[in-house]
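Colleague: For reference, the file run_30.tsv (TSV, C-alpha atoms and all ligand atoms) is included below:
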chain	number	residue	atom	x	y	z
A	1	MET	CA	-18.30	-9.79	-14.80
A	2	THR	CA	-17.67	-10.93	-11.20
A	3	VAL	CA	-14.12	-11.16	-9.86
A	4	LEU	CA	-13.01	-12.67	-6.56
A	5	GLY	CA	-9.83	-10.98	-5.31
A	6	ILE	CA	-7.37	-12.61	-2.90
A	7	GLU	CA	-4.51	-10.86	-1.08
A	8	SER	CA	-1.95	-12.54	1.21
A	9	SER	CA	1.36	-10.85	0.45
A	10	CYS	CA	2.26	-9.88	4.00
A	11	ASP	CA	0.30	-10.10	7.27
A	12	GLU	CA	-3.26	-9.47	6.07
A	13	THR	CA	-5.42	-12.28	4.69
A	14	SER	CA	-8.06	-10.64	2.55
A	15	ALA	CA	-10.73	-11.50	-0.02
A	16	ALA	CA	-13.10	-9.24	-1.96
A	17	VAL	CA	-15.78	-9.46	-4.63
A	18	TYR	CA	-15.84	-6.82	-7.38
A	19	THR	CA	-18.50	-6.76	-10.09
A	20	ASP	CA	-19.67	-4.45	-12.88
A	21	GLN	CA	-21.79	-2.81	-10.16
A	22	GLY	CA	-18.70	-2.10	-8.02
A	23	LEU	CA	-17.28	-3.54	-4.82
A	24	LEU	CA	-19.62	-5.96	-3.03
A	25	SER	CA	-17.39	-7.12	-0.17
A	26	ASN	CA	-13.91	-6.71	1.25
A	27	ILE	CA	-12.92	-8.89	4.21
A	28	VAL	CA	-9.56	-8.27	5.88
A	29	SER	CA	-8.16	-10.49	8.61
A	30	SER	CA	-5.08	-8.87	10.19
A	31	GLN	CA	-2.53	-11.03	11.98
A	32	THR	CA	-1.81	-9.84	15.51
A	33	VAL	CA	0.64	-12.62	16.29
A	34	HIS	CA	3.64	-10.50	15.18
A	35	SER	CA	3.20	-7.53	17.52
A	36	LYS	CA	5.09	-9.09	20.41
A	37	PHE	CA	8.12	-9.67	18.14
A	38	GLY	CA	8.32	-6.06	16.90
A	39	GLY	CA	8.13	-7.17	13.25
A	40	ILE	CA	6.74	-9.84	10.96
A	41	ILE	CA	7.94	-13.44	11.38
A	42	PRO	CA	7.50	-14.83	7.82
A	43	GLU	CA	6.88	-18.45	8.84
A	44	MET	CA	4.18	-17.41	11.33
A	45	ALA	CA	2.60	-15.20	8.66
A	46	SER	CA	2.34	-18.12	6.19
A	47	ARG	CA	0.81	-20.38	8.82
A	48	ALA	CA	-1.73	-17.74	9.82
A	49	HIS	CA	-2.73	-17.30	6.15
A	50	VAL	CA	-3.30	-21.07	5.87
A	51	GLU	CA	-5.47	-20.93	8.98
A	52	HIS	CA	-7.64	-18.02	7.84
A	53	ILE	CA	-7.87	-18.04	4.06
A	54	SER	CA	-10.84	-20.44	3.65
A	55	ARG	CA	-12.95	-18.52	6.16
A	56	VAL	CA	-12.00	-15.12	4.72
A	57	VAL	CA	-12.89	-16.17	1.14
A	58	ARG	CA	-16.13	-17.80	2.26
A	59	THR	CA	-17.13	-14.66	4.21
A	60	ALA	CA	-16.33	-12.38	1.27
A	61	LEU	CA	-18.55	-14.49	-1.01
A	62	GLU	CA	-21.34	-14.63	1.58
A	63	GLU	CA	-21.26	-10.89	2.20
A	64	ALA	CA	-21.43	-10.29	-1.54
A	65	ASN	CA	-24.32	-12.75	-1.74
A	66	CYS	CA	-22.35	-14.58	-4.39
A	67	LYS	CA	-21.54	-18.24	-5.08
A	68	MET	CA	-18.32	-19.53	-6.63
A	69	SER	CA	-20.42	-20.64	-9.60
A	70	ASN	CA	-21.16	-16.94	-10.28
A	71	VAL	CA	-17.48	-15.92	-10.20
A	72	ASP	CA	-15.91	-15.31	-13.63
A	73	ALA	CA	-12.26	-14.99	-12.54
A	74	VAL	CA	-10.04	-15.11	-9.47
A	75	ALA	CA	-7.49	-12.31	-9.13
A	76	VAL	CA	-4.63	-12.91	-6.73
A	77	THR	CA	-1.52	-11.08	-5.55
A	78	THR	CA	1.46	-13.03	-6.89
A	79	HIS	CA	4.28	-10.56	-6.12
A	80	PRO	CA	5.99	-8.75	-4.45
A	81	GLY	CA	5.75	-9.90	-0.84
A	82	LEU	CA	6.80	-12.65	1.55
A	83	HIS	CA	7.23	-15.82	-0.49
A	84	GLY	CA	5.51	-18.18	1.94
A	85	SER	CA	2.57	-15.81	2.34
A	86	LEU	CA	2.22	-15.28	-1.43
A	87	ILE	CA	2.29	-19.04	-2.05
A	88	VAL	CA	-0.69	-19.57	0.28
A	89	GLY	CA	-2.88	-17.05	-1.58
A	90	SER	CA	-1.65	-18.04	-5.04
A	91	ASN	CA	-2.20	-21.74	-4.49
A	92	PHE	CA	-5.62	-21.16	-2.98
A	93	ALA	CA	-6.60	-19.01	-5.96
A	94	LYS	CA	-5.13	-21.51	-8.42
A	95	GLY	CA	-7.10	-24.33	-6.82
A	96	LEU	CA	-10.35	-22.36	-6.97
A	97	ALA	CA	-9.73	-21.33	-10.57
A	98	LEU	CA	-8.87	-24.84	-11.75
A	99	SER	CA	-11.77	-26.48	-9.94
A	100	HIS	CA	-14.27	-23.97	-11.36
A	101	ASN	CA	-12.61	-23.80	-14.76
A	102	ILE	CA	-12.22	-20.02	-14.65
A	103	PRO	CA	-9.17	-17.81	-15.22
A	104	ALA	CA	-6.72	-16.93	-12.45
A	105	ILE	CA	-5.35	-13.44	-12.89
A	106	PRO	CA	-1.93	-12.60	-11.39
A	107	VAL	CA	-1.79	-9.14	-9.81
A	108	ASN	CA	1.19	-7.08	-8.71
A	109	HIS	CA	0.58	-5.90	-5.14
A	110	ILE	CA	2.09	-2.46	-5.75
A	111	GLU	CA	-0.12	-1.97	-8.79
A	112	GLY	CA	-2.97	-2.78	-6.41
A	113	HIS	CA	-1.95	0.11	-4.14
A	114	LEU	CA	-1.21	2.34	-7.14
A	115	TYR	CA	-4.70	2.04	-8.61
A	116	SER	CA	-6.58	1.75	-5.28
A	117	PRO	CA	-8.01	5.31	-5.53
A	118	PHE	CA	-9.99	4.07	-8.56
A	119	LEU	CA	-12.04	1.91	-6.20
A	120	GLU	CA	-13.86	5.03	-5.02
A	121	PHE	CA	-13.20	7.76	-7.62
A	122	ASP	CA	-14.50	7.42	-11.17
A	123	ASP	CA	-13.51	10.96	-12.15
A	124	ILE	CA	-9.71	10.82	-11.88
A	125	THR	CA	-8.14	12.71	-14.77
A	126	LEU	CA	-5.12	11.02	-16.34
A	127	PRO	CA	-2.21	11.40	-16.63
A	128	MET	CA	-1.53	11.68	-12.90
A	129	ILE	CA	1.40	11.46	-10.54
A	130	ALA	CA	0.88	8.68	-8.00
A	131	LEU	CA	2.82	8.21	-4.78
A	132	VAL	CA	2.71	4.68	-3.36
A	133	VAL	CA	3.97	4.89	0.20
A	134	SER	CA	3.72	1.69	2.19
A	135	GLY	CA	5.59	-0.64	4.53
A	136	GLY	CA	8.02	-1.82	1.85
A	137	HIS	CA	7.82	0.82	-0.90
A	138	THR	CA	8.02	4.54	-1.49
A	139	SER	CA	7.72	5.18	-5.21
A	140	LEU	CA	6.48	7.87	-7.56
A	141	PHE	CA	4.72	6.93	-10.79
A	142	HIS	CA	3.62	8.83	-13.85
A	143	VAL	CA	0.36	7.07	-14.69
A	144	GLU	CA	-1.02	7.34	-18.21
A	145	SER	CA	-3.83	4.82	-18.07
A	146	THR	CA	-5.10	1.85	-16.07
A	147	ASP	CA	-2.47	-0.31	-17.73
A	148	ALA	CA	0.43	2.03	-18.46
A	149	TYR	CA	2.69	3.79	-16.02
A	150	GLU	CA	6.30	4.71	-15.52
A	151	VAL	CA	8.37	4.76	-12.30
A	152	VAL	CA	9.81	8.27	-11.90
A	153	GLY	CA	11.18	8.10	-8.35
A	154	ASN	CA	11.98	5.56	-5.67
A	155	THR	CA	13.40	5.26	-2.20
A	156	ARG	CA	17.11	4.58	-2.25
A	157	ASP	CA	16.98	2.77	1.09
A	158	ASP	CA	14.03	2.36	3.47
A	159	ALA	CA	10.35	2.86	2.76
A	160	ALA	CA	8.55	5.58	4.72
A	161	GLY	CA	6.42	2.90	6.42
A	162	GLU	CA	9.53	1.12	7.57
A	163	ALA	CA	10.84	4.39	9.04
A	164	PHE	CA	7.55	4.81	10.94
A	165	ASP	CA	7.71	1.23	12.21
A	166	LYS	CA	11.38	1.41	13.25
A	167	VAL	CA	10.94	4.73	15.06
A	168	ALA	CA	7.91	3.28	16.84
A	169	LYS	CA	10.02	0.31	17.90
A	170	MET	CA	12.74	2.63	19.27
A	171	LEU	CA	10.04	4.45	21.24
A	172	GLY	CA	8.65	1.16	22.56
A	173	LEU	CA	5.31	1.66	20.80
A	174	GLY	CA	4.96	-1.87	19.36
A	175	TYR	CA	4.36	-3.11	15.82
A	176	PRO	CA	2.99	-1.94	13.44
A	177	GLY	CA	3.86	1.48	14.79
A	178	GLY	CA	2.78	3.96	12.10
A	179	ILE	CA	-0.74	4.25	13.38
A	180	VAL	CA	0.43	4.67	17.01
A	181	ILE	CA	2.85	7.45	16.01
A	182	ASP	CA	-0.05	9.08	14.14
A	183	THR	CA	-2.38	8.93	17.16
A	184	LEU	CA	0.22	10.30	19.58
A	185	GLY	CA	1.59	12.83	17.09
A	186	GLN	CA	-1.80	14.46	16.61
A	187	LYS	CA	-1.50	15.70	20.22
A	188	GLY	CA	2.07	17.01	19.85
A	189	ASN	CA	3.98	19.97	18.47
A	190	PRO	CA	5.44	19.20	15.01
A	191	GLN	CA	8.06	21.93	15.43
A	192	ALA	CA	9.30	20.64	18.80
A	193	PHE	CA	12.27	18.81	17.27
A	194	SER	CA	13.90	19.04	13.87
A	195	PHE	CA	14.57	15.71	12.17
A	196	PRO	CA	16.30	15.35	8.77
A	197	ARG	CA	14.35	15.58	5.50
A	198	GLY	CA	16.46	13.21	3.39
A	199	MET	CA	17.20	14.31	-0.21
A	200	ILE	CA	14.53	17.00	-0.03
A	201	ARG	CA	16.61	19.50	-2.01
A	202	ASP	CA	17.94	17.02	-4.58
A	203	ARG	CA	16.72	17.63	-8.09
A	204	ASN	CA	15.85	13.98	-8.66
A	205	LEU	CA	12.60	12.40	-7.46
A	206	ASP	CA	14.14	9.79	-5.15
A	207	PHE	CA	13.68	9.44	-1.41
A	208	SER	CA	15.85	8.40	1.53
A	209	PHE	CA	14.57	7.59	5.03
A	210	SER	CA	17.48	5.71	6.60
A	211	GLY	CA	19.08	8.97	7.82
A	212	LEU	CA	15.90	9.87	9.69
A	213	LYS	CA	15.97	6.53	11.48
A	214	THR	CA	19.58	7.05	12.53
A	215	ALA	CA	18.91	10.65	13.58
A	216	VAL	CA	16.06	9.54	15.85
A	217	ARG	CA	18.24	6.81	17.35
A	218	VAL	CA	21.07	9.29	18.10
A	219	PHE	CA	18.57	11.88	19.43
A	220	LEU	CA	17.01	9.36	21.81
A	221	ALA	CA	20.38	8.10	23.07
A	222	GLU	CA	21.51	11.68	23.71
A	223	HIS	CA	18.36	13.17	25.24
A	224	TYR	CA	16.59	10.17	26.71
A	225	PRO	CA	19.18	7.55	27.76
A	226	GLN	CA	16.72	6.25	30.39
A	227	GLY	CA	13.81	6.02	27.93
A	228	VAL	CA	11.23	8.59	26.81
A	229	PRO	CA	8.71	9.70	29.45
A	230	GLU	CA	5.12	9.39	28.27
A	231	GLN	CA	4.49	13.14	28.22
A	232	ASP	CA	7.29	13.72	25.66
A	233	LEU	CA	6.07	11.11	23.16
A	234	PRO	CA	3.51	13.33	21.35
A	235	ASP	CA	6.11	16.00	20.45
A	236	ILE	CA	8.61	13.41	19.17
A	237	CYS	CA	5.92	11.61	17.14
A	238	ALA	CA	4.58	14.88	15.70
A	239	SER	CA	8.09	15.97	14.69
A	240	VAL	CA	8.84	12.63	13.00
A	241	MET	CA	5.52	12.76	11.13
A	242	GLU	CA	6.25	16.30	10.02
A	243	ALA	CA	9.67	15.32	8.61
A	244	ILE	CA	8.29	12.32	6.67
A	245	ALA	CA	5.22	14.17	5.40
A	246	GLU	CA	7.21	17.16	4.19
A	247	VAL	CA	9.58	15.05	2.08
A	248	LEU	CA	6.71	13.07	0.57
A	249	VAL	CA	4.81	16.22	-0.36
A	250	VAL	CA	7.78	18.19	-1.71
A	251	LYS	CA	8.96	15.33	-3.95
A	252	THR	CA	5.47	14.52	-5.22
A	253	MET	CA	4.74	18.17	-6.03
A	254	LYS	CA	8.10	18.36	-7.80
A	255	ALA	CA	7.14	15.34	-9.92
A	256	ALA	CA	3.77	16.89	-10.80
A	257	LYS	CA	5.45	20.14	-11.82
A	258	LYS	CA	8.15	18.36	-13.87
A	259	ARG	CA	5.51	16.39	-15.75
A	260	GLY	CA	2.97	19.22	-16.00
A	261	VAL	CA	0.32	17.07	-14.31
A	262	ARG	CA	-2.57	18.44	-12.23
A	263	THR	CA	-3.80	15.24	-10.57
A	264	ILE	CA	-2.04	13.48	-7.71
A	265	ALA	CA	-2.98	10.19	-6.05
A	266	VAL	CA	-1.47	9.02	-2.77
A	267	SER	CA	-1.94	5.41	-1.61
A	268	GLY	CA	-0.44	2.60	0.51
A	269	GLY	CA	-0.43	2.27	4.31
A	270	VAL	CA	1.35	5.57	5.05
A	271	SER	CA	-1.28	7.47	3.04
A	272	ALA	CA	-3.53	6.85	6.06
A	273	ASN	CA	-1.34	9.20	8.10
A	274	SER	CA	-3.21	12.31	9.23
A	275	ARG	CA	-0.27	14.71	8.73
A	276	VAL	CA	0.58	13.24	5.31
A	277	ARG	CA	-3.04	13.88	4.28
A	278	SER	CA	-3.28	17.40	5.67
A	279	PHE	CA	0.14	18.39	4.26
A	280	PHE	CA	-0.89	17.16	0.80
A	281	HIS	CA	-4.23	18.96	0.98
A	282	GLU	CA	-2.54	22.23	1.97
A	283	ALA	CA	0.04	21.98	-0.84
A	284	ALA	CA	-2.56	20.94	-3.41
A	285	GLU	CA	-4.70	23.95	-2.59
A	286	ARG	CA	-1.71	26.29	-2.86
A	287	LYS	CA	-0.63	24.81	-6.21
A	288	ASN	CA	-4.16	24.39	-7.51
A	289	VAL	CA	-3.82	20.65	-8.20
A	290	ARG	CA	-6.21	17.86	-7.21
A	291	VAL	CA	-5.08	15.24	-4.69
A	292	VAL	CA	-6.99	12.01	-4.05
A	293	PHE	CA	-6.53	9.42	-1.29
A	294	PRO	CA	-8.27	6.08	-0.82
A	295	SER	CA	-10.45	5.77	2.30
A	296	LEU	CA	-8.50	4.49	5.29
A	297	GLU	CA	-9.72	0.90	4.83
A	298	TYR	CA	-8.14	0.77	1.34
A	299	CYS	CA	-4.77	2.33	2.34
A	300	THR	CA	-3.30	-0.76	4.00
A	301	ASP	CA	-3.41	-4.20	2.40
A	302	ASN	CA	-6.80	-5.31	1.12
A	303	ALA	CA	-8.20	-7.57	-1.59
A	304	ALA	CA	-10.58	-4.92	-2.93
A	305	MET	CA	-7.71	-3.28	-4.82
A	306	ILE	CA	-6.61	-6.68	-6.17
A	307	ALA	CA	-10.14	-7.52	-7.31
A	308	TRP	CA	-10.41	-4.10	-9.01
A	309	ILE	CA	-7.25	-4.78	-11.05
A	310	GLY	CA	-8.50	-8.28	-11.88
A	311	HIS	CA	-11.83	-6.86	-13.04
A	312	THR	CA	-10.09	-4.24	-15.20
A	313	LYS	CA	-7.68	-6.79	-16.70
A	314	ALA	CA	-10.48	-9.26	-17.34
A	315	GLN	CA	-12.55	-6.62	-19.11
A	316	GLN	CA	-9.58	-5.58	-21.24
A	317	SER	CA	-8.70	-9.18	-22.09
A	318	LEU	CA	-12.29	-10.03	-22.94
A	319	GLU	CA	-11.97	-7.55	-25.75
A	320	LYS	CA	-8.75	-9.29	-26.80
A	321	ASP	CA	-7.82	-12.80	-25.77
A	322	LEU	CA	-8.52	-14.39	-22.42
A	323	SER	CA	-6.01	-17.22	-22.85
A	324	PHE	CA	-3.18	-15.33	-21.17
A	325	VAL	CA	-4.96	-15.47	-17.85
A	326	THR	CA	-6.21	-19.03	-18.00
A	327	GLY	CA	-5.64	-21.34	-15.08
A	328	ALA	CA	-2.33	-22.31	-13.54
A	329	ALA	CA	-0.18	-20.97	-16.35
A	330	ALA	CA	-1.35	-17.46	-15.54
A	331	LEU	CA	0.24	-17.64	-12.12
A	332	ARG	CA	3.66	-18.03	-13.68
A	333	SER	CA	3.26	-14.80	-15.57
A	334	ASP	CA	4.14	-11.57	-13.79
A	335	GLY	CA	1.30	-9.49	-15.17
A	336	LYS	CA	3.64	-6.91	-16.73
A	337	LYS	CA	2.17	-3.64	-17.85
A	338	ALA	CA	2.42	-2.35	-21.37
A	339	LYS	CA	5.01	0.25	-20.53
A	340	ARG	CA	7.50	0.22	-17.70
A	341	LYS	CA	10.66	2.27	-17.47
A	342	THR	CA	12.80	2.55	-14.38
A	343	ARG	CA	13.39	6.27	-14.32
A	344	GLY	CA	11.98	9.29	-16.10
B	401	LIG	N1	-1.75	6.21	10.16
B	401	LIG	C1	-0.55	5.80	9.75
B	401	LIG	N2	0.53	6.62	9.81
B	401	LIG	C2	1.75	6.22	9.39
B	401	LIG	N3	1.99	4.98	8.92
B	401	LIG	C3	0.95	4.12	8.86
B	401	LIG	C4	-0.36	4.48	9.26
B	401	LIG	N4	-1.17	3.40	9.07
B	401	LIG	C5	-0.38	2.43	8.57
B	401	LIG	N5	0.90	2.84	8.44
B	401	LIG	C6	2.06	2.10	7.96
B	401	LIG	O1	1.76	1.51	6.72
B	401	LIG	C7	2.54	0.32	6.57
B	401	LIG	C8	1.66	-0.80	6.11
B	401	LIG	O2	1.15	-0.45	4.86
B	401	LIG	P1	0.91	-1.55	3.74
B	401	LIG	O3	0.02	-2.58	4.31
B	401	LIG	O4	0.47	-0.83	2.54
B	401	LIG	O5	2.41	-2.05	3.58
B	401	LIG	P2	2.95	-3.49	3.23
B	401	LIG	O6	1.91	-4.22	2.48
B	401	LIG	O7	3.49	-4.08	4.48
B	401	LIG	O8	4.16	-3.14	2.27
B	401	LIG	P3	4.14	-3.15	0.65
B	401	LIG	O9	2.78	-2.71	0.25
B	401	LIG	O10	5.20	-2.17	0.31
B	401	LIG	O11	4.46	-4.54	0.26
B	401	LIG	C9	3.21	0.06	7.90
B	401	LIG	O12	4.55	0.46	7.81
B	401	LIG	C10	2.41	0.93	8.86
B	401	LIG	O13	3.14	1.36	9.98
B	402	MG	MG	0.93	-3.29	0.90
If you took the structure in this file and wrote it as structure tokens, what would it be?
Modeller:
Amino acid sequence: MTVLGIESSCDETSAAVYTDQGLLSNIVSSQTVHSKFGGIIPEMASRAHVEHISRVVRTALEEANCKMSNVDAVAVTTHPGLHGSLIVGSNFAKGLALSHNIPAIPVNHIEGHLYSPFLEFDDITLPMIALVVSGGHTSLFHVESTDAYEVVGNTRDDAAGEAFDKVAKMLGLGYPGGIVIDTLGQKGNPQAFSFPRGMIRDRNLDFSFSGLKTAVRVFLAEHYPQGVPEQDLPDICASVMEAIAEVLVVKTMKAAKKRGVRTIAVSGGVSANSRVRSFFHEAAERKNVRVVFPSLEYCTDNAAMIAWIGHTKAQQSLEKDLSFVTGAAALRSDGKKAKRKTRG
């Protein structure tokens, strides 16, 4: 079974080939056009996807030493994301699937992040608690299988990635800013400043990051009305990272304890953060639970995770009925999982 995966939900155009032997290629073309605007301009993102998608798909096939005639299904992100960007990938996938008379499999982008650790680990014990922490989402899941999970916690306002990006913008560090904060923060003192840990003591498993954003804004206006001198940036970045990482770890550990689960997976762009990783490793060792992260290349958006889901779905449906994923009709379905509650 060979699946071509396509991802275009935001500002990465990506294609990957996943087979029964594993991942054969994963090409990611990141759009740099948005950095000067301090955020993504949706129309420019769609146009950049149109420009790059043919080349990215062709390169992924070439690198996998695979022809379209060998592909059994095309998996594509259909939601959530920027509508214009999603349409480019979906239509490209639909065209390929129709012209080669193979199924097109709709994939939920967040499920892609959720299951991305499975790309590299084949020994994950289920059930697990999974934290998906990205540019647009911060959610906790209780995962029972590769097609059954339950949302047990969610951000009530901003995602952690958005908090990183907005703080970076306030500090004049450009977009996307999470990785810049990470690099600078590794040289700073995480205890230098104390920023709020939203909802950390609440009994529920929800998050809030909007207060942190406001606190940083007020702090900067009060202490640095003329702008932050370069030498003070590392301490501010380290302190912001510490605040975000602590909330993520405390809430995830709480979820694992509540559910009596001993495996934790952390994925999405913010899972690349060095302090988030070290904080989780320290807590996991103390609590004697296992924590897994995808490699850095699979934390941010990539088609490998989409192809993996497509491959899993295709294998499951082969045992049942493939008609639900056939051709254009499949792209109108939302690929719902067997079990989905909003709160546990
Ligand atoms: N090392 C890092 N430290 C902190 N944040 C990071 C790091 N690397 C990436 N990020 C953040 O991850 C986010 C991008 O992740 P991702 O690509 O998963 O999000 P998205 O696709 O935009 O959103 P979603 O997946 O919710 O639709 C950005 O907010 C970026 O700043
Ligand atoms: Mg994403």
Colleague: Would you tabulate, counting only C-alpha atoms and all ligand atoms, all residues of chain A that have an atom at most 7 Å from an atom of ligand LIG 401 (chain B), showing the closest pair of atoms and their distance in Å to one decimal, sorted by chain then ascending number, as a Markdown table?
Modeller:
| residue | atom | partner | partner_atom | distance |
| --- | --- | --- | --- | --- |
| A:Ser9 | CA | B:LIG401 | O6 | 7.0 |
| A:Cys10 | CA | B:LIG401 | O6 | 5.9 |
| A:Pro80 | CA | B:LIG401 | O11 | 6.5 |
| A:Gly81 | CA | B:LIG401 | O11 | 5.6 |
| A:His109 | CA | B:LIG401 | O9 | 6.6 |
| A:Ile110 | CA | B:LIG401 | O9 | 6.0 |
| A:Ser134 | CA | B:LIG401 | O4 | 4.1 |
| A:Gly135 | CA | B:LIG401 | O5 | 3.6 |
| A:Gly136 | CA | B:LIG401 | O10 | 3.2 |
| A:His137 | CA | B:LIG401 | O10 | 4.2 |
| A:Gly161 | CA | B:LIG401 | O12 | 3.4 |
| A:Glu162 | CA | B:LIG401 | O12 | 5.0 |
| A:Phe164 | CA | B:LIG401 | O13 | 5.7 |
| A:Asp165 | CA | B:LIG401 | O13 | 5.1 |
| A:Pro176 | CA | B:LIG401 | O13 | 4.8 |
| A:Gly177 | CA | B:LIG401 | O13 | 4.9 |
| A:Gly178 | CA | B:LIG401 | O13 | 3.4 |
| A:Ile179 | CA | B:LIG401 | N1 | 3.9 |
| A:Ile181 | CA | B:LIG401 | N2 | 6.7 |
| A:Asp182 | CA | B:LIG401 | N2 | 5.0 |
| A:Gly268 | CA | B:LIG401 | O4 | 4.1 |
| A:Gly269 | CA | B:LIG401 | O2 | 3.2 |
| A:Val270 | CA | B:LIG401 | N3 | 4.0 |
| A:Ser271 | CA | B:LIG401 | C1 | 7.0 |
| A:Ala272 | CA | B:LIG401 | N1 | 4.5 |
| A:Asn273 | CA | B:LIG401 | N2 | 3.6 |
| A:Ser274 | CA | B:LIG401 | N1 | 6.3 |
| A:Cys299 | CA | B:LIG401 | O4 | 6.1 |
| A:Thr300 | CA | B:LIG401 | O3 | 3.8 |
| A:Asp301 | CA | B:LIG401 | O3 | 4.2 |
Colleague: Could you give me the axis-aligned bounding box of segment 83-93 of chain A, with 3 Å of padding per side, as centre plus edge lengths in Å to one decimal, as AutoDock Vina command-line options?
Modeller:
--center_x 0.3 --center_y -18.5 --center_z -1.8 --size_x 19.8 --size_y 12.5 --size_z 14.3
Colleague: Using only C-alpha atoms and all ligand atoms, pick whichever of A:Glu43, A:Glu63, A:Glu246, A:Glu111 has the shortest atom-to-atom distance to ligand MG 402 (chain B).
Modeller: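 Looking at the shortest contact to ligand MG 402 (chain B), the residue is A:Glu111.
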Colleague: Just checking: using only C-alpha atoms, which residue out of A:Ser145, A:Asn108, A:Ser317, A:Ser8 ends up closest to Ile53 of chain A?
Modeller: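 Checking each of A:Ser145, A:Asn108, A:Ser317, A:Ser8 against Ile53 of chain A, counting only C-alpha atoms, the winner is A:Ser8.
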Colleague: Given the choices A:Ile102, A:Val107, A:Met1, A:Leu126, which gets closest to Arg259 of chain A if the distance is worked out from all atoms listed in the file?
Modeller: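 Looking at the shortest contact to Arg259 of chain A, the residue is A:Leu126.
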Colleague: What is the atom CA of Leu184 of chain A-atom CA of Cys237 of chain A distance in Å, reported with one decimal?
Modeller: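 One can read the atom CA of Leu184 of chain A to atom CA of Cys237 of chain A distance as 6.3 Å.
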Colleague: Enter the distance from atom CA of Ala148 of chain A to atom CA of Val291 of chain A, in Å, rounded to one decimal.
Modeller: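 Going from atom CA of Ala148 of chain A over to atom CA of Val291 of chain A, I get 19.9 Å.
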Colleague: For Val71 of chain A, work out the shell of residues within 10 Å, counting all atoms listed in the file and skipping chain neighbours fewer than 6 positions away, then give it as a PDB file with C-alpha atoms, in the coordinates of the input.
Modeller:
ATOM      1  CA  MET A   1     -18.300  -9.790 -14.800  1.00  0.00           C
ATOM      2  CA  THR A   2     -17.670 -10.930 -11.200  1.00  0.00           C
ATOM      3  CA  VAL A   3     -14.120 -11.160  -9.860  1.00  0.00           C
ATOM      4  CA  LEU A   4     -13.010 -12.670  -6.560  1.00  0.00           C
ATOM      5  CA  VAL A  17     -15.780  -9.460  -4.630  1.00  0.00           C
ATOM      6  CA  TYR A  18     -15.840  -6.820  -7.380  1.00  0.00           C
ATOM      7  CA  THR A  19     -18.500  -6.760 -10.090  1.00  0.00           C
ATOM      8  CA  LEU A  61     -18.550 -14.490  -1.010  1.00  0.00           C
ATOM      9  CA  ALA A  97      -9.730 -21.330 -10.570  1.00  0.00           C
ATOM     10  CA  HIS A 100     -14.270 -23.970 -11.360  1.00  0.00           C
ATOM     11  CA  ILE A 102     -12.220 -20.020 -14.650  1.00  0.00           C
ATOM     12  CA  PRO A 103      -9.170 -17.810 -15.220  1.00  0.00           C
TER      13      PRO A 103
END
Colleague: Could you tell me how far atom CA of Leu171 of chain A lies from atom CA of Phe293 of chain A, in Å and to one decimal?
Modeller: 28.4 Å
Colleague: Using all atoms listed in the file, pick whichever of A:Thr155, A:Ser14, A:Ser194, A:Ser99 has the shortest atom-to-atom distance to ligand MG 402 (chain B).
Modeller: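 Smallest distance to ligand MG 402 (chain B) is found for A:Ser14.
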Colleague: Tell me which of A:Glu230, A:Asp235, A:Asp122, A:Asp11 sits closest to Gly188 of chain A, counting only C-alpha atoms.
Modeller: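 Comparing A:Glu230, A:Asp235, A:Asp122, A:Asp11 against Gly188 of chain A, the winner is A:Asp235.
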Colleague: For each of A:Ser116, A:Thr214, A:Gln226, A:Gln315, take the minimum atom-to-atom distance to ligand MG 402 (chain B), counting all atoms listed in the file, then give the residue where this is smallest.
Modeller: A:Ser116
Colleague: So that I can see what lies close to Ile124 of chain A, please list as a compact mmCIF listing (two decimals) with C-alpha atoms, in the frame of the given file the residues with an atom at most 12 Å from it, counting all atoms listed in the file and leaving out residues fewer than 4 positions away in the same chain.
Modeller:
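Generated output (selection.txt):
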# COMPACT_ATOMS: atom_id res chain seq x y z
CA TYR A 115 -4.70 2.04 -8.61
CA SER A 116 -6.58 1.75 -5.28
CA PRO A 117 -8.01 5.31 -5.53
CA PHE A 118 -9.99 4.07 -8.56
CA LEU A 119 -12.04 1.91 -6.20
CA GLU A 120 -13.86 5.03 -5.02
CA MET A 128 -1.53 11.68 -12.90
CA ILE A 129 1.40 11.46 -10.54
CA ALA A 130 0.88 8.68 -8.00
CA VAL A 143 0.36 7.07 -14.69
CA GLU A 144 -1.02 7.34 -18.21
CA SER A 145 -3.83 4.82 -18.07
CA THR A 146 -5.10 1.85 -16.07
CA ARG A 262 -2.57 18.44 -12.23
CA THR A 263 -3.80 15.24 -10.57
CA ILE A 264 -2.04 13.48 -7.71
CA ALA A 265 -2.98 10.19 -6.05
CA ARG A 290 -6.21 17.86 -7.21
CA VAL A 291 -5.08 15.24 -4.69
CA VAL A 292 -6.99 12.01 -4.05
CA PHE A 293 -6.53 9.42 -1.29
Colleague: Might you pull out every residue within 10 Å of segment 32-38 of chain A, with all atoms listed in the file counted and same-chain residues fewer than 6 positions away left off, and present them as a compact mmCIF listing (two decimals) with C-alpha atoms, in the coordinates of the input?
Modeller:
# COMPACT_ATOMS: atom_id res chain seq x y z
CA ASP A 11 0.30 -10.10 7.27
CA GLU A 12 -3.26 -9.47 6.07
CA MET A 44 4.18 -17.41 11.33
CA ALA A 45 2.60 -15.20 8.66
CA ALA A 48 -1.73 -17.74 9.82
CA ASP A 165 7.71 1.23 12.21
CA LYS A 166 11.38 1.41 13.25
CA ALA A 168 7.91 3.28 16.84
CA LYS A 169 10.02 0.31 17.90
CA GLY A 172 8.65 1.16 22.56
CA LEU A 173 5.31 1.66 20.80
CA GLY A 174 4.96 -1.87 19.36
CA TYR A 175 4.36 -3.11 15.82
CA PRO A 176 2.99 -1.94 13.44
CA GLY A 177 3.86 1.48 14.79
